[in-house]
Amino acid sequence: MWRGDFSIIENGTSILGLVALCFLIAAFKLGTPWGQAAEEVVLPSISGSGSPAEYFNIAASILGAIISPYLLFFYSSGSQEERWTRKMIRSNRIIATVGMGFGSIAAISIILVSAVALKPLGVQTEQLQTVGLRLIEAFGIWGVYLFAATLFVTCFGAATEIALTLSYEVTQIMGWKYGEDRKPRNAAIFNLIFPLYIIGSTLLMGLSGIDPVQLTVYATIFTALILPVVVMPFLAVMNDPMYLKDQTNHWLANSAVLLIIVLAFILSITSIPLTIITGG
Amino acid sequence: MKKELLLMRDLVDKQLMDSQGERITKVAGVEAEPREGARPVVRTLLVGPEPLARRIGPRVGRLMERITGGRREVRIRWEWVEDAGPNVKLNVPASATGATHAEDWAREKIIDRIPGSG
């Protein structure tokens, strides 16, 4: 990360990330009952062994994971790094839509594949490893490799992005120099924060022995909870003509953002006490 | 610079840029000189942990001054300010302001000692 520039990190991980599409292919190969699945999306029913708290949890954590605040910081920092101009607004809308769409399709596929492959077996997904079982069912031994690759690339991509985001946030808040394209000594604090963060968090995870998946689930629910606090300043800037001149938000976009953060907040604030009562 | 500036909207907490367009740090406060029979006039912008801490409260400010020995507080002369809003642009390079302490420290004490950082 010291050597590479911004676009290497961005393009490299996103191309490799396409491997996650194997879950979509698996969803087709396993013969997902699409009609039934669509019906469940529109009219979700709580059935089986899960308590309502667990379903609320999942919904809150999916929302928290999709609209992670770090993405907003990373994306806007990226636009600064690559010196976007007014001309790029249109193509950027397409990129954002396709990108978020791709992520959502991959996530939906994983859920579908889980449901189709595991429900008959009566297996509950509690660990990341069990997700891999379904790919084996769809692809045979190649499923193992695909699963390992997906896991590695997506985790690697997220880890680099989060580490860089932390560097961006600290330097931008303090007003210091930043830039992934600069030599480390030309943006010293920026290039100091992310290695320290990577080393620190690795040590913390290794020494404390926390279950990473459990931690992620709690973190995403917590993210959904604090989403309003983090997104409101963004919303303020998006409506501030001093920064955006004539490109301020349309009322439709404003309402959509408000609706999603309110939804995420309600889901997480109800799911946290429920989780504690039911004991996770 | 002939335009109306509001201290809190256009100066305090705004990004300080040097004459090369490099980020220096953010403005922590302003210092104004009271005048007899006229409005006070802003002479300097303040930068550093001490003025930041003083905004939380006088006790926190004194504590920070004890920690740093008051050495990290830097005054940016108003004559250096070229333009303001949303960023505060100076007409001098960052090195002339003395406000790059944190960045210099990280570069000299740590980054330069790691091989391959050039």
# chains A, B, ... in the order shown; residues from 1 in each chain; ligands from 1
$ residues_around --residues "B:Ile111" --least-positions-apart "3" --cutoff "10 Å" --atoms "only C-alpha atoms" --output "list of chain:residue names"
A:Pro184, A:Arg185, A:Asn186, A:Ala187, A:Ala188, A:Ile189, A:Asn191, A:Leu192, B:Asp104, B:Trp105, B:Ala106, B:Arg107, B:Glu108, B:Ile114, B:Pro115, B:Gly116, B:Ser117, B:Gly118
$ write_last_selection --atoms "C-alpha atoms" --output "tab-separated table (two decimals), in the first residue's frame"
chain	number	residue	atom	x	y	z
A	184	PRO	CA	5.18	8.18	2.06
A	185	ARG	CA	7.46	10.99	3.14
A	186	ASN	CA	5.30	13.57	1.36
A	187	ALA	CA	2.28	12.57	3.40
A	188	ALA	CA	3.92	11.18	6.51
A	189	ILE	CA	1.01	11.05	8.93
A	191	ASN	CA	1.22	6.80	5.58
A	192	LEU	CA	1.76	6.16	9.26
B	104	ASP	CA	7.49	16.94	10.16
B	105	TRP	CA	7.69	14.81	13.27
B	106	ALA	CA	6.04	11.79	11.61
B	107	ARG	CA	8.33	12.12	8.59
B	108	GLU	CA	11.63	12.66	10.38
B	114	ILE	CA	11.75	2.83	7.42
B	115	PRO	CA	13.57	1.44	4.36
B	116	GLY	CA	11.80	1.99	1.07
B	117	SER	CA	9.79	5.01	2.15
B	118	GLY	CA	11.46	7.48	-0.24
$ interface_residues --of "chain A" --to "chain B" --cutoff "12 Å" --atoms "only C-alpha atoms" --output "MDAnalysis selection string"
chainID A and resid 1:3 170:179 182:193 195:196 240:244
$ write_last_selection --atoms "C-alpha atoms" --output "short mmCIF file (atom, residue, chain, number, x, y, z; two decimals), in the first residue's frame"
data_model
loop_
_atom_site.label_atom_id
_atom_site.label_comp_id
_atom_site.auth_asym_id
_atom_site.auth_seq_id
_atom_site.Cartn_x
_atom_site.Cartn_y
_atom_site.Cartn_z
CA MET A 1 0.00 0.00 0.00
CA TRP A 2 3.00 2.27 0.33
CA ARG A 3 4.17 1.47 -3.16
CA VAL A 170 -7.77 11.47 10.51
CA THR A 171 -5.77 13.59 8.05
CA GLN A 172 -8.85 15.27 6.60
CA ILE A 173 -10.32 16.10 9.98
CA MET A 174 -7.02 17.54 11.16
CA GLY A 175 -6.40 19.23 7.80
CA TRP A 176 -3.08 17.45 7.19
CA LYS A 177 -1.64 16.36 3.87
CA TYR A 178 -3.02 13.12 2.48
CA GLY A 179 -2.85 11.07 -0.66
CA ARG A 182 2.12 10.53 -2.80
CA LYS A 183 5.40 9.12 -1.63
CA PRO A 184 5.18 8.18 2.06
CA ARG A 185 7.46 10.99 3.14
CA ASN A 186 5.30 13.57 1.36
CA ALA A 187 2.28 12.57 3.40
CA ALA A 188 3.92 11.18 6.51
CA ILE A 189 1.01 11.05 8.93
CA PHE A 190 -1.28 9.56 6.29
CA ASN A 191 1.22 6.80 5.58
CA LEU A 192 1.76 6.16 9.26
CA ILE A 193 -1.84 5.66 10.32
CA PRO A 195 0.12 0.46 8.88
CA LEU A 196 -0.34 1.15 12.59
CA ASP A 240 -25.05 23.18 0.68
CA PRO A 241 -24.67 25.39 -2.41
CA MET A 242 -21.42 26.80 -0.99
CA TYR A 243 -19.77 23.44 -1.73
CA LEU A 244 -21.89 21.98 -4.49
#
$ select_by_dssp --residues "chain B" --states "helix (DSSP H, G or I)" --output "JSON, numbers by chain"
{"B": [7, 8, 9, 10, 11, 49, 50, 51, 52, 53, 54, 55, 56, 58, 59, 60, 61, 62, 63, 64, 65, 66, 67, 68, 78, 79, 80, 94, 95, 96, 97, 101, 102, 103, 104, 105, 106, 107, 108, 109, 110, 111, 112, 113]}
$ atom_distance --atom1 "atom CA of A:Glu180" --atom2 "atom CA of A:Ile15"
19.4 Å
$ select_by_dssp --residues "chain B" --states "strand (DSSP E or B)" --output "PyMOL selection string"
chain B and resi 15-17+23-26+29-35+38-47+74-77+81-84+88-90
$ residues_around --residues "stretch 47-56 of chain B" --least-positions-apart "5" --cutoff "9 Å" --atoms "only C-alpha atoms" --output "list in words"
Thr25, Lys26, Val27, Ala28, Gly29, Val30, Gly61, Arg62, Leu63, Met64, Glu65, Thr68, Gly70, Arg71, Arg72, Glu73, Val74, Arg75, Ile76 and Ala99 of chain B
$ write_last_selection --atoms "C-alpha atoms" --output "short mmCIF file (atom, residue, chain, number, x, y, z; two decimals), in the first residue's frame"
data_model
loop_
_atom_site.label_atom_id
_atom_site.label_comp_id
_atom_site.auth_asym_id
_atom_site.auth_seq_id
_atom_site.Cartn_x
_atom_site.Cartn_y
_atom_site.Cartn_z
CA THR B 25 -3.78 22.03 9.08
CA LYS B 26 -7.05 23.55 10.24
CA VAL B 27 -7.60 26.93 11.85
CA ALA B 28 -8.15 26.41 15.59
CA GLY B 29 -9.04 29.97 16.54
CA VAL B 30 -8.61 33.67 15.85
CA GLY B 61 -6.62 24.51 27.82
CA ARG B 62 -4.27 24.86 30.78
CA LEU B 63 -3.78 21.09 30.90
CA MET B 64 -2.82 21.02 27.22
CA GLU B 65 -0.45 23.95 27.71
CA THR B 68 3.04 20.76 25.29
CA GLY B 70 2.91 25.93 24.96
CA ARG B 71 5.31 25.13 22.14
CA ARG B 72 2.79 23.84 19.62
CA GLU B 73 0.70 26.98 19.37
CA VAL B 74 1.38 28.75 16.12
CA ARG B 75 0.22 32.20 15.03
CA ILE B 76 -0.63 32.77 11.38
CA ALA B 99 2.55 24.99 11.56
#
$ atom_distance --atom1 "atom CA of B:Pro93" --atom2 "atom CA of A:Leu166"
27.2 Å
$ closest_residue --among "A:Ala20, A:Ile58, A:Ala107, A:Leu259" --to "A:Ile272" --atoms "only C-alpha atoms"
A:Ile58
$ residues_around --residues "A:Gly157" --least-positions-apart "6" --cutoff "10 Å" --atoms "only C-alpha atoms" --output "list in words"
Ile9, Glu10, Gly12, Thr13, Ser14, Leu16, Gly17 and Leu151 of chain A
$ closest_residue --among "A:Trp251, A:Tyr145, A:Tyr168, A:Phe222" --to "A:Ser68" --atoms "only C-alpha atoms"
A:Phe222
$ atom_distance --atom1 "atom CA of A:Met232" --atom2 "atom CA of A:Ala65"
17.6 Å
$ decode --residues "stretch 10-54 of chain B" --atoms "N, CA and C atoms" --output "PDB file, in the first residue's frame"
ATOM      1  N   ASP B  10     -16.309  31.270   8.095  1.00  0.00           N
ATOM      2  CA  ASP B  10     -15.285  31.300   7.047  1.00  0.00           C
ATOM      3  C   ASP B  10     -13.866  31.044   7.547  1.00  0.00           C
ATOM      4  N   LEU B  11     -13.638  31.112   8.848  1.00  0.00           N
ATOM      5  CA  LEU B  11     -12.256  30.974   9.316  1.00  0.00           C
ATOM      6  C   LEU B  11     -12.050  29.798  10.275  1.00  0.00           C
ATOM      7  N   VAL B  12     -12.757  29.814  11.395  1.00  0.00           N
ATOM      8  CA  VAL B  12     -12.495  28.792  12.414  1.00  0.00           C
ATOM      9  C   VAL B  12     -12.842  27.393  11.892  1.00  0.00           C
ATOM     10  N   ASP B  13     -11.937  26.443  12.107  1.00  0.00           N
ATOM     11  CA  ASP B  13     -12.076  25.043  11.687  1.00  0.00           C
ATOM     12  C   ASP B  13     -11.972  24.868  10.174  1.00  0.00           C
ATOM     13  N   LYS B  14     -11.572  25.869   9.467  1.00  0.00           N
ATOM     14  CA  LYS B  14     -11.459  25.726   8.010  1.00  0.00           C
ATOM     15  C   LYS B  14     -10.039  25.290   7.633  1.00  0.00           C
ATOM     16  N   GLN B  15      -9.968  24.674   6.448  1.00  0.00           N
ATOM     17  CA  GLN B  15      -8.695  24.128   5.970  1.00  0.00           C
ATOM     18  C   GLN B  15      -7.730  25.256   5.600  1.00  0.00           C
ATOM     19  N   LEU B  16      -6.525  25.173   6.141  1.00  0.00           N
ATOM     20  CA  LEU B  16      -5.479  26.145   5.831  1.00  0.00           C
ATOM     21  C   LEU B  16      -4.629  25.590   4.688  1.00  0.00           C
ATOM     22  N   MET B  17      -4.545  26.346   3.594  1.00  0.00           N
ATOM     23  CA  MET B  17      -3.746  25.903   2.444  1.00  0.00           C
ATOM     24  C   MET B  17      -2.577  26.854   2.264  1.00  0.00           C
ATOM     25  N   ASP B  18      -1.428  26.326   1.849  1.00  0.00           N
ATOM     26  CA  ASP B  18      -0.289  27.219   1.647  1.00  0.00           C
ATOM     27  C   ASP B  18      -0.272  27.741   0.203  1.00  0.00           C
ATOM     28  N   SER B  19       0.788  28.485  -0.130  1.00  0.00           N
ATOM     29  CA  SER B  19       0.824  29.122  -1.448  1.00  0.00           C
ATOM     30  C   SER B  19       0.942  28.098  -2.571  1.00  0.00           C
ATOM     31  N   GLN B  20       1.388  26.865  -2.249  1.00  0.00           N
ATOM     32  CA  GLN B  20       1.506  25.818  -3.263  1.00  0.00           C
ATOM     33  C   GLN B  20       0.233  24.973  -3.369  1.00  0.00           C
ATOM     34  N   GLY B  21      -0.762  25.311  -2.578  1.00  0.00           N
ATOM     35  CA  GLY B  21      -1.980  24.508  -2.569  1.00  0.00           C
ATOM     36  C   GLY B  21      -1.871  23.259  -1.713  1.00  0.00           C
ATOM     37  N   GLU B  22      -0.862  23.196  -0.848  1.00  0.00           N
ATOM     38  CA  GLU B  22      -0.705  22.050   0.062  1.00  0.00           C
ATOM     39  C   GLU B  22      -1.516  22.305   1.332  1.00  0.00           C
ATOM     40  N   ARG B  23      -2.071  21.191   1.857  1.00  0.00           N
ATOM     41  CA  ARG B  23      -2.783  21.313   3.114  1.00  0.00           C
ATOM     42  C   ARG B  23      -1.797  21.518   4.258  1.00  0.00           C
ATOM     43  N   ILE B  24      -2.090  22.422   5.175  1.00  0.00           N
ATOM     44  CA  ILE B  24      -1.224  22.604   6.333  1.00  0.00           C
ATOM     45  C   ILE B  24      -1.900  21.972   7.552  1.00  0.00           C
ATOM     46  N   THR B  25      -2.983  22.570   7.990  1.00  0.00           N
ATOM     47  CA  THR B  25      -3.784  22.027   9.081  1.00  0.00           C
ATOM     48  C   THR B  25      -5.065  22.841   9.111  1.00  0.00           C
ATOM     49  N   LYS B  26      -5.832  22.745  10.191  1.00  0.00           N
ATOM     50  CA  LYS B  26      -7.051  23.550  10.240  1.00  0.00           C
ATOM     51  C   LYS B  26      -6.902  24.694  11.231  1.00  0.00           C
ATOM     52  N   VAL B  27      -7.637  25.750  10.977  1.00  0.00           N
ATOM     53  CA  VAL B  27      -7.596  26.926  11.852  1.00  0.00           C
ATOM     54  C   VAL B  27      -8.284  26.573  13.173  1.00  0.00           C
ATOM     55  N   ALA B  28      -7.578  26.771  14.287  1.00  0.00           N
ATOM     56  CA  ALA B  28      -8.148  26.412  15.589  1.00  0.00           C
ATOM     57  C   ALA B  28      -8.831  27.605  16.244  1.00  0.00           C
ATOM     58  N   GLY B  29      -8.409  28.802  15.915  1.00  0.00           N
ATOM     59  CA  GLY B  29      -9.035  29.971  16.535  1.00  0.00           C
ATOM     60  C   GLY B  29      -8.526  31.245  15.913  1.00  0.00           C
ATOM     61  N   VAL B  30      -9.096  32.373  16.335  1.00  0.00           N
ATOM     62  CA  VAL B  30      -8.613  33.667  15.850  1.00  0.00           C
ATOM     63  C   VAL B  30      -8.260  34.533  17.050  1.00  0.00           C
ATOM     64  N   GLU B  31      -7.361  35.481  16.814  1.00  0.00           N
ATOM     65  CA  GLU B  31      -6.989  36.405  17.870  1.00  0.00           C
ATOM     66  C   GLU B  31      -7.306  37.813  17.369  1.00  0.00           C
ATOM     67  N   ALA B  32      -8.100  38.524  18.127  1.00  0.00           N
ATOM     68  CA  ALA B  32      -8.487  39.874  17.700  1.00  0.00           C
ATOM     69  C   ALA B  32      -7.979  40.892  18.711  1.00  0.00           C
ATOM     70  N   GLU B  33      -7.643  42.047  18.185  1.00  0.00           N
ATOM     71  CA  GLU B  33      -7.107  43.099  19.047  1.00  0.00           C
ATOM     72  C   GLU B  33      -8.217  44.120  19.314  1.00  0.00           C
ATOM     73  N   PRO B  34      -8.524  44.373  20.589  1.00  0.00           N
ATOM     74  CA  PRO B  34      -9.571  45.365  20.871  1.00  0.00           C
ATOM     75  C   PRO B  34      -9.085  46.765  20.535  1.00  0.00           C
ATOM     76  N   ARG B  35      -9.983  47.608  20.043  1.00  0.00           N
ATOM     77  CA  ARG B  35      -9.582  48.972  19.693  1.00  0.00           C
ATOM     78  C   ARG B  35     -10.514  49.961  20.388  1.00  0.00           C
ATOM     79  N   GLU B  36      -9.970  51.097  20.708  1.00  0.00           N
ATOM     80  CA  GLU B  36     -10.751  52.142  21.374  1.00  0.00           C
ATOM     81  C   GLU B  36     -11.761  52.717  20.387  1.00  0.00           C
ATOM     82  N   GLY B  37     -13.045  52.606  20.742  1.00  0.00           N
ATOM     83  CA  GLY B  37     -14.071  53.248  19.925  1.00  0.00           C
ATOM     84  C   GLY B  37     -14.298  52.626  18.561  1.00  0.00           C
ATOM     85  N   ALA B  38     -13.743  51.419  18.313  1.00  0.00           N
ATOM     86  CA  ALA B  38     -13.966  50.774  17.021  1.00  0.00           C
ATOM     87  C   ALA B  38     -14.102  49.272  17.240  1.00  0.00           C
ATOM     88  N   ARG B  39     -14.497  48.595  16.193  1.00  0.00           N
ATOM     89  CA  ARG B  39     -14.647  47.138  16.325  1.00  0.00           C
ATOM     90  C   ARG B  39     -13.268  46.491  16.437  1.00  0.00           C
ATOM     91  N   PRO B  40     -13.164  45.371  17.204  1.00  0.00           N
ATOM     92  CA  PRO B  40     -11.860  44.702  17.298  1.00  0.00           C
ATOM     93  C   PRO B  40     -11.394  44.244  15.917  1.00  0.00           C
ATOM     94  N   VAL B  41     -10.096  44.159  15.730  1.00  0.00           N
ATOM     95  CA  VAL B  41      -9.592  43.762  14.426  1.00  0.00           C
ATOM     96  C   VAL B  41      -8.791  42.462  14.571  1.00  0.00           C
ATOM     97  N   VAL B  42      -9.017  41.525  13.637  1.00  0.00           N
ATOM     98  CA  VAL B  42      -8.338  40.226  13.682  1.00  0.00           C
ATOM     99  C   VAL B  42      -6.894  40.394  13.220  1.00  0.00           C
ATOM    100  N   ARG B  43      -5.954  39.988  14.067  1.00  0.00           N
ATOM    101  CA  ARG B  43      -4.537  40.107  13.729  1.00  0.00           C
ATOM    102  C   ARG B  43      -3.913  38.770  13.323  1.00  0.00           C
ATOM    103  N   THR B  44      -4.333  37.685  13.997  1.00  0.00           N
ATOM    104  CA  THR B  44      -3.722  36.382  13.706  1.00  0.00           C
ATOM    105  C   THR B  44      -4.772  35.272  13.740  1.00  0.00           C
ATOM    106  N   LEU B  45      -4.446  34.188  13.027  1.00  0.00           N
ATOM    107  CA  LEU B  45      -5.189  32.938  13.147  1.00  0.00           C
ATOM    108  C   LEU B  45      -4.362  32.027  14.033  1.00  0.00           C
ATOM    109  N   LEU B  46      -5.029  31.251  14.896  1.00  0.00           N
ATOM    110  CA  LEU B  46      -4.299  30.355  15.792  1.00  0.00           C
ATOM    111  C   LEU B  46      -4.402  28.924  15.294  1.00  0.00           C
ATOM    112  N   VAL B  47      -3.298  28.185  15.476  1.00  0.00           N
ATOM    113  CA  VAL B  47      -3.218  26.803  15.021  1.00  0.00           C
ATOM    114  C   VAL B  47      -2.533  26.000  16.110  1.00  0.00           C
ATOM    115  N   GLY B  48      -2.947  24.755  16.307  1.00  0.00           N
ATOM    116  CA  GLY B  48      -2.256  23.891  17.254  1.00  0.00           C
ATOM    117  C   GLY B  48      -3.172  23.338  18.335  1.00  0.00           C
ATOM    118  N   PRO B  49      -2.669  22.372  19.126  1.00  0.00           N
ATOM    119  CA  PRO B  49      -3.498  21.726  20.140  1.00  0.00           C
ATOM    120  C   PRO B  49      -3.921  22.661  21.278  1.00  0.00           C
ATOM    121  N   GLU B  50      -3.103  23.670  21.594  1.00  0.00           N
ATOM    122  CA  GLU B  50      -3.452  24.547  22.713  1.00  0.00           C
ATOM    123  C   GLU B  50      -4.723  25.353  22.446  1.00  0.00           C
ATOM    124  N   PRO B  51      -4.810  26.073  21.308  1.00  0.00           N
ATOM    125  CA  PRO B  51      -6.056  26.810  21.062  1.00  0.00           C
ATOM    126  C   PRO B  51      -7.266  25.890  20.921  1.00  0.00           C
ATOM    127  N   LEU B  52      -7.049  24.675  20.386  1.00  0.00           N
ATOM    128  CA  LEU B  52      -8.154  23.718  20.284  1.00  0.00           C
ATOM    129  C   LEU B  52      -8.655  23.345  21.668  1.00  0.00           C
ATOM    130  N   ALA B  53      -7.705  23.041  22.570  1.00  0.00           N
ATOM    131  CA  ALA B  53      -8.075  22.614  23.917  1.00  0.00           C
ATOM    132  C   ALA B  53      -8.761  23.751  24.673  1.00  0.00           C
ATOM    133  N   ARG B  54      -8.321  24.994  24.443  1.00  0.00           N
ATOM    134  CA  ARG B  54      -8.927  26.130  25.143  1.00  0.00           C
ATOM    135  C   ARG B  54     -10.392  26.298  24.767  1.00  0.00           C
TER     136      ARG B  54
END
